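Below: the structure, in structure tokens.
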Amino acid sequence: MDLTLNLEEQAFRDEVRSWLDTNHPGAAPEGDDQARFEFEREWQGKLHAAGWAGISWPKEYGGRGATLIEQTIFSEEMARAKAPRPANILGLVMGGPVVIAHGSEEQKERFLEPILSAEEIWCQGFSEPESGSDLASLKTKAVQQNGGWRVTGQKVWTTFAHEAKWCMLLARSDPDVPKHKGLTYFILDMEQDAVDVRPLRQITGEAEFNEIFMEDAYVPDQNVVGGVGNGWMVGITTLMHERAGLGAASAVALRRDLDELIALVRERGLDEDPLIRDKIARLQISTEALRLGGLRTLTQTMRTGIPGPEGSLAKWQWAEANQALTELATEALGAGGLERNGWSYRFLRARANSIEGGTTEVMKNIIAERVLGLPRLR
Amino acid sequence: MDFGFTDEQQEIKRTAHEFVTARFSPEKVRELAESRSYDDSQWREISALGWPGIAIDEAHGGQGLGMVELVILCEELGYACAPTPFLSNAAAGLLIDAVGSDEQREGWLPGIASGEARGAAAFTPDDEPIVPDAGAAAVIVLPEGDGVRVVQGADAQVETLELIDATREYARVSASDGDPLPGDPAAGVDRVAVAVAAELTGIAQRAMEMAVDYAKEREQFGRPIGSYQAVSHRCAQMLFDTEEARSLTYYAAWAADAEPESLSLAAAMAKARASDAAWSVTASALQVLGGIGFTWEHDLHFVLKRARATGQLMGTAGQYRGRVADLLGLAAEPVAG
């Protein structure tokens with residue numbers, strides 16, 4: 001047991017840190033979504049040129065082939081430096097890894113490099129209005145038609161859909177088999193008239209997400225990933241990458257926000273209030289438990305080579321802690337905490353944390369069934 | 001970076017688990033608890049394994065290992081709900097080792113390490129503190145103002161207390177004199193808190209397993225109750241609580257051995273979290289068990305009561321959160337009374 005970084009890991013951290021010191025582009029522009037996106041695209045170009053974009057990807061596909069601990073250090077340093085996110089985050093964290101794991105050689109050749117360079121942006125078309133937690137019940141249908149597929153249906157909560165060239169699309173290719181078996185994973189070209197993207201305004205007032213409407217949209221056969229009927233298995237890989245990829249960074253972001261909140265509480269002279277003190281202590285404990293649990297999982301994964309279902313616990317811990325933290329911040333600020341400012345935005349945005357990427361209820365189901373071995377509900 | 005046990009530590013854990021589950025079977029725990037007694041032959045066996053001296057250095061007759069190894073043993077003993085004077089003896093060792101003079105260490109540690117001249121320690125800072133396992137102790141560590149002192153067992157007035165937890169002996173101890181330990185008690189007190197947190201983590205683990213096993217077997221409305229989310233989500237919450245307590249406890253043990261400047265905060269977080277976890281998991285387990293969990297016949301109540309009593313040793317979760325707030329640099333709340 002050694003929770004410090006060894007010399008090699010320290011050297012890696014120093015390398016990341018000094019690169020960020022020199023190359024950090026400053027804060028992304030606020031207000032203008034398009035300007036912000038171009039800023040993030042340029043930032044990813046810089047990351048890619050230095051070999052950081054596909055840090056977890058194997059070297060043969062243009063990545064860095066970094067170990068899990070190096071990926072963790074990189075995420076931590078990015079979060080600590082408040083570095084902007086790269087524009088093509090979904091391609092880097094989900095699309096690319098799926099193509100690498102399940103794609104053909106031709107697909108790897110075609111799709112990977114433009115993901116790294118942010119030349120082609122990816123979005124994810126999984127959730128539907130009628131299929132949230134019960135993802136496998138999705139209804140968007142794909143019908144085979146000379147050398148390709150025609151796709152009709154609706155997707156929701158799609159980030160970056162208006163910027164995206166490609167969509168990771170789960171659709172029902174066979175309505176006559178059990179629901180998990182009739183799905184196929186497609187790479188859909190968003191630049192066609194049969195695909196209509198409409199912004200979805202959320203409770204924060206902004207439109208971070210979109211809805212996608214598809215009416216006989218075309219996908220050629222060569223854009224099927226992992227084989228017809230294997231969509232569920234391929235899609236699950238995507239979600240596992242999503243959960244693993246967000247873990248370390250979320251713990252650091254929580255730490256940063258908690259430090260900010262502690263400073264705020266002191267500044268406002270609330271640090272003698274026993275209730276506030278108790279809540280801060282609880283948050284300190286949750287934040288550290290999340291960080292340390294992540295490190296235990298990381299060690300376990302590096303020793304056994306298998307990521308466990310523990311990512312579900314981390315996702316749940318993070319959602320709960322981030323909601324509690326932003327609630328306390330708005331409370332500590334008094335009425336001012338509800339003015340439209342940074343904290344009130346984070347406070348509202350945090351309500352989605354226990355829904356997006358799998359609801360807390362689904363995380364509990366996964367823990368009950370896969371960690372504790374309780375009987376399945378269905 | 002490696003947040004896992006070494007091969008040797010895994011071996012200690014495996015051996016300890018086998019030993020405690022064999023020696024402290026539910027039947028044995030019940031027998032000892034119902035007679036409010038310990039089995040001296042079991043203490044001799046534990047002593048022969050070298051456990052009482054696991055974290056005491058070799059010069060004083062111990063094994064010279066650290067807090068991580070001690071925490072492994074405490075967690076397993078908590079898991080088994082073992083009636084044994086292990087924890088109080090270990091606490092006396094940690095306090096005398098961290099706070100005592102060379103002479104005091106030489107005087108008391110060998111007996112504590114061998115288990116032949118057992119120690120006991122106060123787990124509350126009161127004037128007439130509650131001391132587990134004071135009865136047959138050769139030496140007792142008691143609070144003295146902001147510091148600690150040792151008294152010989154023979155010089156102390158020991159008044160047995162029957163707490164709800166019958167798996168451990170508790171007593172109110174008073175003694176007029178004693179020998180002050182010269183050092184700053186903080187390092188010793190923090191280490192004791194970590195040992196208690198480890199026991200609480202083991203208790204939580206045990207209660208979770210009892211609940212999960214029952215939820216798999218027990219059927220109502222024609223199906224196992226564990227297939228209902230009202231029950232399975234309750235069990236998932238038990239894992240959440242237990243794992244948080246475990247992560248923080250292992251971290252605090254590591255800090256005690258390798259990064260002492262982080263120990264105070266780490267120990268306070270671990271103790272606060274583990275006290276809450278042990279209580280919430282045992283209470284929730286009783287709810288999963290339903291009526292059977294409320295009977296004397298079922299073993300859960302021994303675990304639940306031990307969780308409640310152990311959770312208050314060294315201070316409550318709320319007191320430790322206060323300490324966390326202090327250590328984060330928030331102004332101390334005005335001290336009451």
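Chain labels run A, B, ... following the order of the structure tokens; each chain numbers its residues from 1, and ligands are numbered from 1 in the order shown.
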Do you have, as CSV, the list of residues of chain B lying at most 7 Å from chain A, each with its nearest atom pair and that distance in Å to one decimal, counting only C-alpha atoms and ordered by chain then number?
```
residue,atom,partner,partner_atom,distance
B:Met1,CA,A:Leu5,CA,4.9
B:Asp2,CA,A:Asp2,CA,5.1
B:Phe3,CA,A:Met1,CA,5.0
B:Gly4,CA,A:Met1,CA,5.2
B:Phe5,CA,A:Met1,CA,5.6
B:Thr6,CA,A:Met1,CA,6.5
B:Lys216,CA,A:Leu374,CA,6.0
B:Gly226,CA,A:Leu374,CA,5.7
B:Ser227,CA,A:Leu377,CA,4.8
B:Tyr228,CA,A:Leu377,CA,6.5
B:Ser232,CA,A:Ala368,CA,5.7
B:His233,CA,A:Lys364,CA,5.6
B:Cys235,CA,A:Ala368,CA,6.8
B:Ala236,CA,A:Ala368,CA,5.4
B:Phe240,CA,A:Leu313,CA,6.8
B:Glu244,CA,A:Ala289,CA,5.3
B:Ser247,CA,A:Gly293,CA,5.7
B:Leu248,CA,A:Ala289,CA,6.1
B:Met269,CA,A:Ile285,CA,5.8
B:Arg321,CA,A:Ala281,CA,5.3
B:Gly322,CA,A:Asp278,CA,6.5
B:Val324,CA,A:Ala281,CA,5.6
B:Ala325,CA,A:Ala281,CA,5.4
B:Leu330,CA,A:Asp271,CA,5.1
B:Ala331,CA,A:Asp271,CA,5.5
B:Ala332,CA,A:Glu272,CA,6.3
B:Glu333,CA,A:Glu272,CA,5.0
```
- request: Just the residues within 10 Å of Lys305 in chain B, please, counting only C-alpha atoms, with nothing from its chain fewer than 6 positions along; format it as a list in words.
  value: Leu163, Ile164, Asp165, Ala166, Thr167, Trp279, Thr282, Ala283 and Gly311 of chain B
Go ahead and dump the residues you just picked, N, CA and C atoms, as a short mmCIF file (atom, residue, chain, number, x, y, z; two decimals), in the first residue's frame.
```cif
data_model
loop_
_atom_site.label_atom_id
_atom_site.label_comp_id
_atom_site.auth_asym_id
_atom_site.auth_seq_id
_atom_site.Cartn_x
_atom_site.Cartn_y
_atom_site.Cartn_z
N LEU B 163 -23.42 -2.57 29.52
CA LEU B 163 -23.97 -1.83 28.37
C LEU B 163 -24.80 -2.78 27.52
N ILE B 164 -25.53 -2.23 26.54
CA ILE B 164 -26.33 -3.10 25.66
C ILE B 164 -25.43 -4.07 24.90
N ASP B 165 -24.20 -3.67 24.63
CA ASP B 165 -23.27 -4.55 23.92
C ASP B 165 -22.67 -5.55 24.91
N ALA B 166 -23.11 -6.81 24.80
CA ALA B 166 -22.63 -7.84 25.72
C ALA B 166 -21.44 -8.59 25.16
N THR B 167 -20.93 -8.17 23.99
CA THR B 167 -19.78 -8.87 23.41
C THR B 167 -18.47 -8.24 23.87
N TRP B 279 -23.61 1.93 12.25
CA TRP B 279 -24.98 2.05 12.76
C TRP B 279 -26.00 1.93 11.64
N THR B 282 -26.23 -1.72 10.27
CA THR B 282 -26.84 -2.70 11.15
C THR B 282 -28.33 -2.41 11.33
N ALA B 283 -28.69 -1.13 11.45
CA ALA B 283 -30.10 -0.78 11.61
C ALA B 283 -30.88 -1.16 10.35
N GLY B 311 -19.39 2.51 18.07
CA GLY B 311 -19.46 3.77 17.34
C GLY B 311 -19.25 4.98 18.22
#
```
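Non-sequential neighbours of Ile12 in chain B (distance at most 10 Å, separation of 5 or more positions within a chain, only C-alpha atoms) are B:Phe5, B:Thr6, B:Asp7, B:His17, B:Glu18, B:Glu69, B:Leu70, B:Ile72, B:Leu73.
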Can you write just those residues out, C-alpha atoms, as a tab-separated table (two decimals), in the first residue's frame?
```tsv
chain	number	residue	atom	x	y	z
B	5	PHE	CA	-2.68	-4.85	0.43
B	6	THR	CA	0.72	-6.42	-0.13
B	7	ASP	CA	0.93	-10.22	-0.46
B	17	HIS	CA	-10.57	-14.29	8.62
B	18	GLU	CA	-10.24	-18.06	8.88
B	69	GLU	CA	-1.78	-4.77	9.74
B	70	LEU	CA	-3.50	-3.82	13.00
B	72	ILE	CA	-6.74	-5.79	9.17
B	73	LEU	CA	-7.07	-7.66	12.47
```
task: List every residue of range 167-322 of chain A that DSSP, applied to the backbone of this structure, places in strand (DSSP E), and write the result as a PyMOL selection string.
output: chain A and resi 167-172+183-189+195-200+209-220+224-225
For Trp57 in chain A, list every protein, DNA or RNA residue within 12 Å, evaluated using only C-alpha atoms, and leave out those in the same chain fewer than 2 positions away; present the list as a PDB file with C-alpha atoms, in the first residue's frame.
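To be explicit, this is the file written out as selection_10.pdb:
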```pdb
ATOM      1  CA  GLY A  51      -0.009  13.374 -28.181  1.00  0.00           C
ATOM      2  CA  TRP A  52      -2.418  13.877 -25.288  1.00  0.00           C
ATOM      3  CA  ALA A  53      -5.761  13.608 -27.106  1.00  0.00           C
ATOM      4  CA  GLY A  54      -6.035   9.821 -27.200  1.00  0.00           C
ATOM      5  CA  ILE A  55      -4.171   9.245 -23.981  1.00  0.00           C
ATOM      6  CA  LYS A  59      -0.217   3.701 -29.818  1.00  0.00           C
ATOM      7  CA  GLU A  60      -0.945   1.894 -33.093  1.00  0.00           C
ATOM      8  CA  TYR A  61      -4.146   3.945 -33.418  1.00  0.00           C
ATOM      9  CA  GLY A  62      -2.511   7.272 -32.744  1.00  0.00           C
ATOM     10  CA  GLY A  63      -2.944   7.229 -28.975  1.00  0.00           C
ATOM     11  CA  ARG A  64      -0.420   7.367 -26.165  1.00  0.00           C
ATOM     12  CA  GLY A  65      -1.076   3.906 -24.738  1.00  0.00           C
ATOM     13  CA  ALA A  66      -0.928   5.302 -21.234  1.00  0.00           C
ATOM     14  CA  THR A  67      -1.413   3.080 -18.198  1.00  0.00           C
ATOM     15  CA  LEU A  68      -4.511   3.511 -16.040  1.00  0.00           C
ATOM     16  CA  GLN A  71      -4.676   8.349 -17.386  1.00  0.00           C
ATOM     17  CA  GLY A  91     -15.444  10.650 -29.699  1.00  0.00           C
ATOM     18  CA  LEU A  92     -12.360  10.394 -27.528  1.00  0.00           C
ATOM     19  CA  VAL A  93     -14.000   8.732 -24.537  1.00  0.00           C
ATOM     20  CA  MET A  94     -16.684   6.588 -26.191  1.00  0.00           C
ATOM     21  CA  GLY A  95     -16.674   6.502 -30.004  1.00  0.00           C
ATOM     22  CA  GLY A  96     -12.990   5.836 -30.541  1.00  0.00           C
ATOM     23  CA  PRO A  97     -12.654   3.139 -27.870  1.00  0.00           C
ATOM     24  CA  VAL A  98     -15.688   1.321 -29.325  1.00  0.00           C
ATOM     25  CA  VAL A  99     -14.264   1.406 -32.857  1.00  0.00           C
ATOM     26  CA  ILE A 100     -10.935   0.173 -31.464  1.00  0.00           C
ATOM     27  CA  ALA A 101     -12.626  -2.657 -29.534  1.00  0.00           C
ATOM     28  CA  LYS A 108     -10.338   2.095 -37.669  1.00  0.00           C
ATOM     29  CA  LEU A 112     -10.005   7.205 -35.669  1.00  0.00           C
ATOM     30  CA  GLU A 113      -7.661   9.932 -36.854  1.00  0.00           C
ATOM     31  CA  ILE A 115     -11.668  11.852 -33.865  1.00  0.00           C
ATOM     32  CA  LEU A 116      -8.241  12.620 -32.411  1.00  0.00           C
ATOM     33  CA  HIS A 241     -15.908   3.661 -21.132  1.00  0.00           C
TER      34      HIS A 241
END
```
- request: Assign secondary structure with DSSP using the backbone only, and return the residues of range 119-341 of chain A in alpha helix (DSSP H) as a PyMOL selection string.
  value: chain A and resi 231-267+274-304+311-332
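Residues within 8 Å of Gly147 in chain A, counting only C-alpha atoms and excluding same-chain residues fewer than 3 positions away, are A:Gln144, A:Pro220, A:Asp221.
Coordinates place CA of Ala164 in chain A at a distance of 12.9 Å from CA of Arg198 in chain A.
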- request: May I have the residues within 9 Å of range 27-37 of chain B as a list in words, using only C-alpha atoms and disregarding those fewer than 5 positions away in the same chain?
  value: Ala80, Cys81, Ala82, Pro83, Thr84, Glu162, Asp165, Ala166, Thr167, Arg168, Glu169, Asp299 and Phe302 of chain B
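When the distance limit is 9 Å and only C-alpha atoms are what count, the residues near Ala285 in chain B, minus those fewer than 6 positions from it on the same chain, are Ala207, Met208, Glu209, Met210, Ala211, Val212, Arg234, Cys235, Met238, Gly293, Leu300 and Leu304 of chain B.
Using only C-alpha atoms for every distance, the candidate list A:Val195, A:Ala249, A:Leu135, A:Ala324 yields A:Ala249 as the residue closest to Arg85 in chain A.
Distance-wise, CA of Thr301 in chain A and CA of Val234 in chain A end up 20.8 Å apart.
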